[in-house]
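In what follows, a structure is listed as structure tokens, so that the remarks can point back to it.
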Amino acid sequence: MGISFGNLEELIELVNNIYSFDLNGYSRASLKRRVSRIMDLYSLDFSSLKDNLTNTPGFFNKFLIEITVNVTEMFRDPSFYIALRDEVFPYLATFPHIKIWSAGCATGEEVYSLAILLEKQNLYQRAFIYGTDINSDVIEHAKRGIIDLKKMKAYSDNYFQTGSGDSLSEYYTARYDAAIIHHHLRKNSLFSIHNLVSGGVFNEFQLITCRNVLIYFNVTLQHRVLDLLYASLALFGFLCLGSKETLRSDHLTDKFRLVNKTQNIYQKIA
Amino acid sequence: MLQVLPENLSIGVLVIIHRNAKYETNIETSLSDKCRIVVKMAEEKEYVKPATAYFAPAGYHLLMEPDHSMSLDVSEPVNFCRPSIDVTMQSVSDVYGASTAAILLSGANQDGAKGMQSIHQAGGLCIAQHPEQAEIATMPASAIALGVVDVILKNDELLTFSRQLNNYILRRD
């Protein structure tokens, strides 16, 4: 089932009016696909979608889960993790405490990948990783640290490609069809809800990863979120964006040193 | 086909090829020197310009925004593909409607057939490579089987069409 761009604007206004949830800065083409997907998933036409959003308790949360893209992997883009380990971690190792923010963490695979990478470099004991997302269900999922064992095959391949020399299975326990990340790799992490659109600075970080989140925002919102990420970084802290994302404005590029062009890693220098 | 497009081409071209994100390819760079139009990888929120071909980056779906900028999306693969031809074609037809033209070439799955259907329903022009001349016939044949293809062209006809593309573009002032 499809909707028009006009319908989409109507929906954005409805969600804002009822839930004070602002979707205005979202890229329309992606959002339209997501909404059509929800309508297919629940067999709804546009008017019953609006009706459900207005009158069915709990439906908005389901809507929110499907609106956002929660596709993630452990060690997604192995070359990114190689760059992080080789070009960023040596610098982080000079800090007494390493606070990390995984912004838009979905079900937490990136947070656990970072935990493993830090552990491997003997940095995890000094580190604390915050994973945030707008969605309470994915946050609950992330907290559990349980990953579908079927997916672990692909994640193990990713991990192998980082050249770490050991096996991903060293870091989880397999039970039935689930993989549980070892407890000591979960204890220095905290998952909570945070909306990049409406939320503010909540801590100061040495490393922020916000990969493939900005692509779902229009340029105006991208500027705002990038300012928030900049303000959340300690001086000489690192910012990692998705490989096709950019800092957008000259006023930010002047404040960052480019660490790795292909992997889009920057260091705050001013 | 890109190589014969004229330098004064009055439209922009999006190119979706199935390629593995795990291997770097630089098809844009290697084609760029051989073409008279600009050939590049599509950048996030970049506006589509005439006489330019934009390749979807590996690992991302390429979408068209109502303001004629392009956006990228890493949602689930469609037809096991990301970028998926269906996704881009559907998105382009949402924005450009009847002024969309699509050409579906060789390929090993059914990606593109539903996208051509969207363009067809929006009143756009759908062209398929003649399956007999395609390296792998499945993709154009699937769209043809769906009954949404307006014209089936052989390879030499595809080249002629590309060369004369400006003549087929209806001015809408």
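Residue names in the structure tokens use chain letters A, B, ... in the order shown, residue numbers from 1 in each chain, and ligand numbers from 1 in the order shown.
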(message) Using only C-alpha atoms and a distance of at most 9 Å, pull out the residues of chain A that contact chain B, as a ChimeraX atom specification.
(response) /A:4-5,27-30,33,68-71,77,212,215-216,218-219,244-246
Given the selection you just returned, output its residues as a file containing N, CA, C and O atoms, formatted as a PDB file, in the first residue's frame.
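Writing the result to again23.pdb gives the following:
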ATOM      1  N   SER A   4       0.918   9.141  -0.568  1.00  0.00           N
ATOM      2  CA  SER A   4       1.525  10.246  -1.313  1.00  0.00           C
ATOM      3  C   SER A   4       2.392  11.074  -0.368  1.00  0.00           C
ATOM      4  O   SER A   4       2.304  10.925   0.858  1.00  0.00           O
ATOM      5  N   PHE A   5       3.212  11.938  -0.957  1.00  0.00           N
ATOM      6  CA  PHE A   5       4.012  12.835  -0.117  1.00  0.00           C
ATOM      7  C   PHE A   5       3.096  13.749   0.716  1.00  0.00           C
ATOM      8  O   PHE A   5       3.446  14.129   1.830  1.00  0.00           O
ATOM      9  N   SER A  27      14.353  12.689   6.192  1.00  0.00           N
ATOM     10  CA  SER A  27      14.329  12.592   4.732  1.00  0.00           C
ATOM     11  C   SER A  27      13.009  11.960   4.311  1.00  0.00           C
ATOM     12  O   SER A  27      12.648  10.890   4.788  1.00  0.00           O
ATOM     13  N   ARG A  28      12.325  12.621   3.401  1.00  0.00           N
ATOM     14  CA  ARG A  28      10.979  12.188   3.054  1.00  0.00           C
ATOM     15  C   ARG A  28      10.947  10.830   2.329  1.00  0.00           C
ATOM     16  O   ARG A  28      10.077  10.011   2.560  1.00  0.00           O
ATOM     17  N   ALA A  29      11.885  10.607   1.415  1.00  0.00           N
ATOM     18  CA  ALA A  29      11.830   9.396   0.586  1.00  0.00           C
ATOM     19  C   ALA A  29      11.942   8.136   1.450  1.00  0.00           C
ATOM     20  O   ALA A  29      11.185   7.178   1.279  1.00  0.00           O
ATOM     21  N   SER A  30      12.873   8.173   2.400  1.00  0.00           N
ATOM     22  CA  SER A  30      13.049   7.028   3.290  1.00  0.00           C
ATOM     23  C   SER A  30      11.832   6.844   4.188  1.00  0.00           C
ATOM     24  O   SER A  30      11.326   5.748   4.366  1.00  0.00           O
ATOM     25  N   ARG A  33       8.919   5.291   2.504  1.00  0.00           N
ATOM     26  CA  ARG A  33       9.078   3.830   2.379  1.00  0.00           C
ATOM     27  C   ARG A  33       8.760   3.133   3.689  1.00  0.00           C
ATOM     28  O   ARG A  33       8.136   2.081   3.726  1.00  0.00           O
ATOM     29  N   THR A  68      12.095   3.791  12.133  1.00  0.00           N
ATOM     30  CA  THR A  68      13.542   3.928  12.114  1.00  0.00           C
ATOM     31  C   THR A  68      14.160   2.661  11.543  1.00  0.00           C
ATOM     32  O   THR A  68      13.627   1.569  11.705  1.00  0.00           O
ATOM     33  N   VAL A  69      15.280   2.840  10.881  1.00  0.00           N
ATOM     34  CA  VAL A  69      15.985   1.698  10.313  1.00  0.00           C
ATOM     35  C   VAL A  69      16.879   1.126  11.395  1.00  0.00           C
ATOM     36  O   VAL A  69      17.775   1.798  11.893  1.00  0.00           O
ATOM     37  N   ASN A  70      16.610  -0.102  11.812  1.00  0.00           N
ATOM     38  CA  ASN A  70      17.374  -0.697  12.901  1.00  0.00           C
ATOM     39  C   ASN A  70      18.338  -1.769  12.421  1.00  0.00           C
ATOM     40  O   ASN A  70      18.771  -2.614  13.186  1.00  0.00           O
ATOM     41  N   VAL A  71      18.650  -1.708  11.131  1.00  0.00           N
ATOM     42  CA  VAL A  71      19.575  -2.686  10.573  1.00  0.00           C
ATOM     43  C   VAL A  71      20.978  -2.403  11.104  1.00  0.00           C
ATOM     44  O   VAL A  71      21.487  -1.302  10.979  1.00  0.00           O
ATOM     45  N   ASP A  77      31.339  -3.191   8.491  1.00  0.00           N
ATOM     46  CA  ASP A  77      32.475  -2.513   7.878  1.00  0.00           C
ATOM     47  C   ASP A  77      33.753  -2.790   8.669  1.00  0.00           C
ATOM     48  O   ASP A  77      34.228  -1.922   9.407  1.00  0.00           O
ATOM     49  N   ASN A 212      25.571   6.227   9.856  1.00  0.00           N
ATOM     50  CA  ASN A 212      24.353   5.966   9.096  1.00  0.00           C
ATOM     51  C   ASN A 212      23.089   6.345   9.851  1.00  0.00           C
ATOM     52  O   ASN A 212      22.082   5.645   9.816  1.00  0.00           O
ATOM     53  N   ILE A 215      22.041  10.179   7.507  1.00  0.00           N
ATOM     54  CA  ILE A 215      21.479  10.028   6.148  1.00  0.00           C
ATOM     55  C   ILE A 215      19.947  10.062   6.149  1.00  0.00           C
ATOM     56  O   ILE A 215      19.349  10.345   5.125  1.00  0.00           O
ATOM     57  N   TYR A 216      19.343   9.797   7.312  1.00  0.00           N
ATOM     58  CA  TYR A 216      17.869   9.825   7.373  1.00  0.00           C
ATOM     59  C   TYR A 216      17.328  11.202   7.700  1.00  0.00           C
ATOM     60  O   TYR A 216      16.121  11.379   7.833  1.00  0.00           O
ATOM     61  N   ASN A 218      17.253  15.566   6.960  1.00  0.00           N
ATOM     62  CA  ASN A 218      17.519  16.583   5.952  1.00  0.00           C
ATOM     63  C   ASN A 218      18.723  17.428   6.380  1.00  0.00           C
ATOM     64  O   ASN A 218      19.214  17.297   7.509  1.00  0.00           O
ATOM     65  N   VAL A 219      19.190  18.279   5.491  1.00  0.00           N
ATOM     66  CA  VAL A 219      20.448  18.992   5.738  1.00  0.00           C
ATOM     67  C   VAL A 219      20.346  19.901   6.972  1.00  0.00           C
ATOM     68  O   VAL A 219      21.271  19.978   7.781  1.00  0.00           O
ATOM     69  N   LYS A 244      29.415   7.512   4.069  1.00  0.00           N
ATOM     70  CA  LYS A 244      28.895   8.419   3.044  1.00  0.00           C
ATOM     71  C   LYS A 244      28.356   9.715   3.651  1.00  0.00           C
ATOM     72  O   LYS A 244      27.700  10.501   2.971  1.00  0.00           O
ATOM     73  N   GLU A 245      28.592   9.925   4.936  1.00  0.00           N
ATOM     74  CA  GLU A 245      28.098  11.144   5.579  1.00  0.00           C
ATOM     75  C   GLU A 245      29.218  12.193   5.652  1.00  0.00           C
ATOM     76  O   GLU A 245      30.393  11.850   5.538  1.00  0.00           O
ATOM     77  N   THR A 246      28.843  13.455   5.859  1.00  0.00           N
ATOM     78  CA  THR A 246      29.859  14.508   5.911  1.00  0.00           C
ATOM     79  C   THR A 246      29.596  15.454   7.075  1.00  0.00           C
ATOM     80  O   THR A 246      28.501  15.493   7.622  1.00  0.00           O
TER      81      THR A 246
END
(request) Excluding Ile100 (chain A) and any residue of its chain fewer than 3 positions from it, enumerate the residues within 12 Å of it, using only C-alpha atoms, and give them as a VMD selection string. (result) chain A and resid 89 92 97 103 105 110 to 112 114 to 115 118 123 to 124 126 to 132 188 to 191 203 to 210 229 232 to 234 237 to 240
(message) I need the residues of region 42-264 of chain A that end up classed as strand (DSSP E or B) by DSSP on the backbone, written out as number ranges by chain.
(response) A: 98-103, 127-133, 146-148, 172-175, 178-181, 189-193, 205-210, 217, 233-241, 256-260
With N, CA and C atoms retained, write the just-selected residues as a CSV table (one decimal), in the first residue's frame.
chain,number,residue,atom,x,y,z
A,98,ILE,N,37.8,6.6,29.3
A,98,ILE,CA,37.4,6.7,27.9
A,98,ILE,C,35.8,6.5,27.9
A,99,LYS,N,35.2,7.7,27.7
A,99,LYS,CA,33.7,7.6,27.6
A,99,LYS,C,33.3,7.6,26.1
A,100,ILE,N,32.5,6.7,25.8
A,100,ILE,CA,32.1,6.5,24.4
A,100,ILE,C,30.6,6.6,24.2
A,101,TRP,N,30.1,7.2,23.2
A,101,TRP,CA,28.7,7.3,22.9
A,101,TRP,C,28.4,6.7,21.5
A,102,SER,N,27.6,5.7,21.5
A,102,SER,CA,27.2,5.1,20.2
A,102,SER,C,25.7,5.7,20.0
A,103,ALA,N,25.7,6.7,19.2
A,103,ALA,CA,24.4,7.4,19.0
A,103,ALA,C,23.6,6.8,17.9
A,127,ALA,N,37.0,2.0,30.1
A,127,ALA,CA,36.0,2.6,29.2
A,127,ALA,C,34.6,2.5,29.7
A,128,PHE,N,33.8,3.4,29.2
A,128,PHE,CA,32.3,3.2,29.5
A,128,PHE,C,31.6,3.6,28.2
A,129,ILE,N,30.7,2.7,27.8
A,129,ILE,CA,30.1,3.0,26.5
A,129,ILE,C,28.6,3.2,26.7
A,130,TYR,N,28.1,4.4,26.2
A,130,TYR,CA,26.7,4.7,26.3
A,130,TYR,C,26.1,4.4,24.9
A,131,GLY,N,25.0,3.6,24.9
A,131,GLY,CA,24.3,3.3,23.6
A,131,GLY,C,23.0,4.0,23.7
A,132,THR,N,22.6,4.8,22.8
A,132,THR,CA,21.3,5.5,22.8
A,132,THR,C,20.6,5.3,21.5
A,133,ASP,N,19.2,5.3,21.6
A,133,ASP,CA,18.4,5.2,20.5
A,133,ASP,C,17.0,5.8,20.9
A,146,ILE,N,21.8,-10.3,24.0
A,146,ILE,CA,21.6,-11.6,23.4
A,146,ILE,C,21.4,-11.4,21.9
A,147,ILE,N,22.1,-12.2,21.1
A,147,ILE,CA,22.1,-12.0,19.7
A,147,ILE,C,21.8,-13.4,19.0
A,148,ASP,N,20.9,-13.3,18.0
A,148,ASP,CA,20.5,-14.5,17.3
A,148,ASP,C,21.8,-15.3,16.8
A,172,TYR,N,31.4,-14.7,23.5
A,172,TYR,CA,30.0,-14.9,23.9
A,172,TYR,C,29.8,-16.4,24.2
A,173,THR,N,28.7,-16.7,24.8
A,173,THR,CA,28.4,-18.1,25.2
A,173,THR,C,27.1,-18.4,24.3
A,174,ALA,N,27.2,-19.5,23.6
A,174,ALA,CA,26.1,-19.9,22.8
A,174,ALA,C,25.2,-20.9,23.6
A,175,ARG,N,23.9,-20.5,23.6
A,175,ARG,CA,22.9,-21.4,24.2
A,175,ARG,C,21.7,-21.5,23.3
A,178,ALA,N,20.8,-18.9,20.7
A,178,ALA,CA,21.2,-17.5,21.1
A,178,ALA,C,22.6,-17.4,21.5
A,179,ALA,N,23.2,-16.3,21.2
A,179,ALA,CA,24.6,-16.0,21.7
A,179,ALA,C,24.5,-14.9,22.7
A,180,ILE,N,25.1,-15.1,23.9
A,180,ILE,CA,25.0,-14.1,25.0
A,180,ILE,C,26.4,-13.5,25.2
A,181,ILE,N,26.5,-12.2,25.0
A,181,ILE,CA,27.8,-11.6,25.1
A,181,ILE,C,28.3,-11.7,26.6
A,189,SER,N,28.7,-0.8,30.1
A,189,SER,CA,27.9,-0.1,29.1
A,189,SER,C,26.5,0.2,29.7
A,190,LEU,N,25.9,1.2,29.1
A,190,LEU,CA,24.6,1.7,29.6
A,190,LEU,C,23.8,2.0,28.3
A,191,PHE,N,22.6,1.5,28.3
A,191,PHE,CA,21.7,1.8,27.1
A,191,PHE,C,20.6,2.7,27.6
A,192,SER,N,20.3,3.7,26.9
A,192,SER,CA,19.1,4.5,27.3
A,192,SER,C,18.5,5.2,26.1
A,193,ILE,N,17.3,5.8,26.3
A,193,ILE,CA,16.6,6.5,25.2
A,193,ILE,C,17.2,7.9,25.1
A,205,PHE,N,32.3,13.2,25.9
A,205,PHE,CA,32.8,11.9,25.4
A,205,PHE,C,34.2,12.1,24.7
A,206,GLN,N,35.0,11.0,24.8
A,206,GLN,CA,36.2,10.9,24.1
A,206,GLN,C,36.0,10.3,22.7
A,207,LEU,N,34.9,9.6,22.5
A,207,LEU,CA,34.7,9.0,21.2
A,207,LEU,C,33.1,9.0,21.0
A,208,ILE,N,32.7,9.4,19.9
A,208,ILE,CA,31.3,9.3,19.5
A,208,ILE,C,31.2,8.7,18.2
A,209,THR,N,30.4,7.6,18.1
A,209,THR,CA,30.1,7.0,16.8
A,209,THR,C,28.6,7.3,16.5
A,210,CYS,N,28.4,7.8,15.3
A,210,CYS,CA,27.0,8.1,14.8
A,210,CYS,C,27.0,7.8,13.3
A,217,PHE,N,18.2,12.2,7.8
A,217,PHE,CA,17.8,13.6,8.2
A,217,PHE,C,18.1,14.5,7.0
A,233,LEU,N,31.5,16.3,22.5
A,233,LEU,CA,32.9,15.8,22.5
A,233,LEU,C,33.9,16.5,23.3
A,234,ALA,N,34.7,15.8,24.0
A,234,ALA,CA,35.8,16.5,24.7
A,234,ALA,C,36.8,17.0,23.7
A,235,LEU,N,37.6,18.0,24.1
A,235,LEU,CA,38.7,18.4,23.2
A,235,LEU,C,39.6,17.2,22.9
A,236,PHE,N,40.0,17.0,21.7
A,236,PHE,CA,40.8,15.9,21.2
A,236,PHE,C,40.0,14.6,21.2
A,237,GLY,N,38.7,14.7,21.3
A,237,GLY,CA,37.9,13.5,21.2
A,237,GLY,C,37.6,13.2,19.7
A,238,PHE,N,37.1,12.0,19.4
A,238,PHE,CA,36.9,11.5,18.1
A,238,PHE,C,35.5,11.4,17.7
A,239,LEU,N,35.2,11.7,16.4
A,239,LEU,CA,33.8,11.6,15.9
A,239,LEU,C,33.9,10.6,14.7
A,240,CYS,N,33.0,9.6,14.7
A,240,CYS,CA,33.0,8.7,13.6
A,240,CYS,C,31.6,8.8,12.9
A,241,LEU,N,31.6,9.1,11.7
A,241,LEU,CA,30.3,9.2,10.9
A,241,LEU,C,30.3,8.0,9.9
A,256,PHE,N,37.7,20.4,13.3
A,256,PHE,CA,38.1,18.9,13.3
A,256,PHE,C,39.3,18.7,12.4
A,257,ARG,N,40.1,17.7,12.8
A,257,ARG,CA,41.2,17.2,12.0
A,257,ARG,C,40.7,15.9,11.4
A,258,LEU,N,40.9,15.8,10.1
A,258,LEU,CA,40.5,14.5,9.4
A,258,LEU,C,41.5,13.4,9.8
A,259,VAL,N,41.0,12.3,10.4
A,259,VAL,CA,41.9,11.2,10.8
A,259,VAL,C,41.9,10.2,9.7
A,260,ASN,N,40.7,9.8,9.2
A,260,ASN,CA,40.7,8.8,8.2
A,260,ASN,C,39.5,9.2,7.2
Please list as a compact mmCIF listing (two decimals) with N, CA and C atoms, in the first residue's frame every residue within 8 Å of Met1 (chain B), counting only C-alpha atoms and excluding residues in the same chain fewer than 3 positions away.
# COMPACT_ATOMS: atom_id res chain seq x y z
N VAL B 4 27.98 7.20 -24.91
CA VAL B 4 27.44 7.88 -26.08
C VAL B 4 26.46 9.00 -25.72
N LEU B 5 26.17 9.15 -24.44
CA LEU B 5 25.27 10.24 -24.05
C LEU B 5 25.93 11.58 -24.35
N LEU B 158 19.74 0.40 -28.32
CA LEU B 158 19.94 1.09 -27.04
C LEU B 158 20.96 2.22 -27.20
N LEU B 159 22.00 1.93 -28.01
CA LEU B 159 23.02 2.95 -28.24
C LEU B 159 22.47 4.13 -29.03
N SER B 162 20.32 6.17 -26.81
CA SER B 162 21.11 6.98 -25.87
C SER B 162 21.71 8.20 -26.56
(request) Write out as a PyMOL selection string each polymer residue whose atoms come within 6 Å of Ile12 (chain A), counting only C-alpha atoms; drop sequence neighbours fewer than 3 positions from it. (result) chain A and resi 9+15+23
Can you write out the residues you just picked, keeping N, CA, C and O atoms, as a short mmCIF file (atom, residue, chain, number, x, y, z; two decimals), in the first residue's frame?
data_model
loop_
_atom_site.label_atom_id
_atom_site.label_comp_id
_atom_site.auth_asym_id
_atom_site.auth_seq_id
_atom_site.Cartn_x
_atom_site.Cartn_y
_atom_site.Cartn_z
N GLU A 9 3.08 14.27 4.86
CA GLU A 9 3.12 15.53 5.63
C GLU A 9 2.01 15.55 6.68
O GLU A 9 2.22 16.01 7.80
N VAL A 15 1.58 13.09 14.17
CA VAL A 15 2.49 12.52 15.16
C VAL A 15 3.06 13.62 16.05
O VAL A 15 3.22 13.45 17.26
N LEU A 23 9.07 14.59 13.40
CA LEU A 23 9.65 13.88 12.26
C LEU A 23 9.97 14.83 11.10
O LEU A 23 10.37 14.40 10.03
#
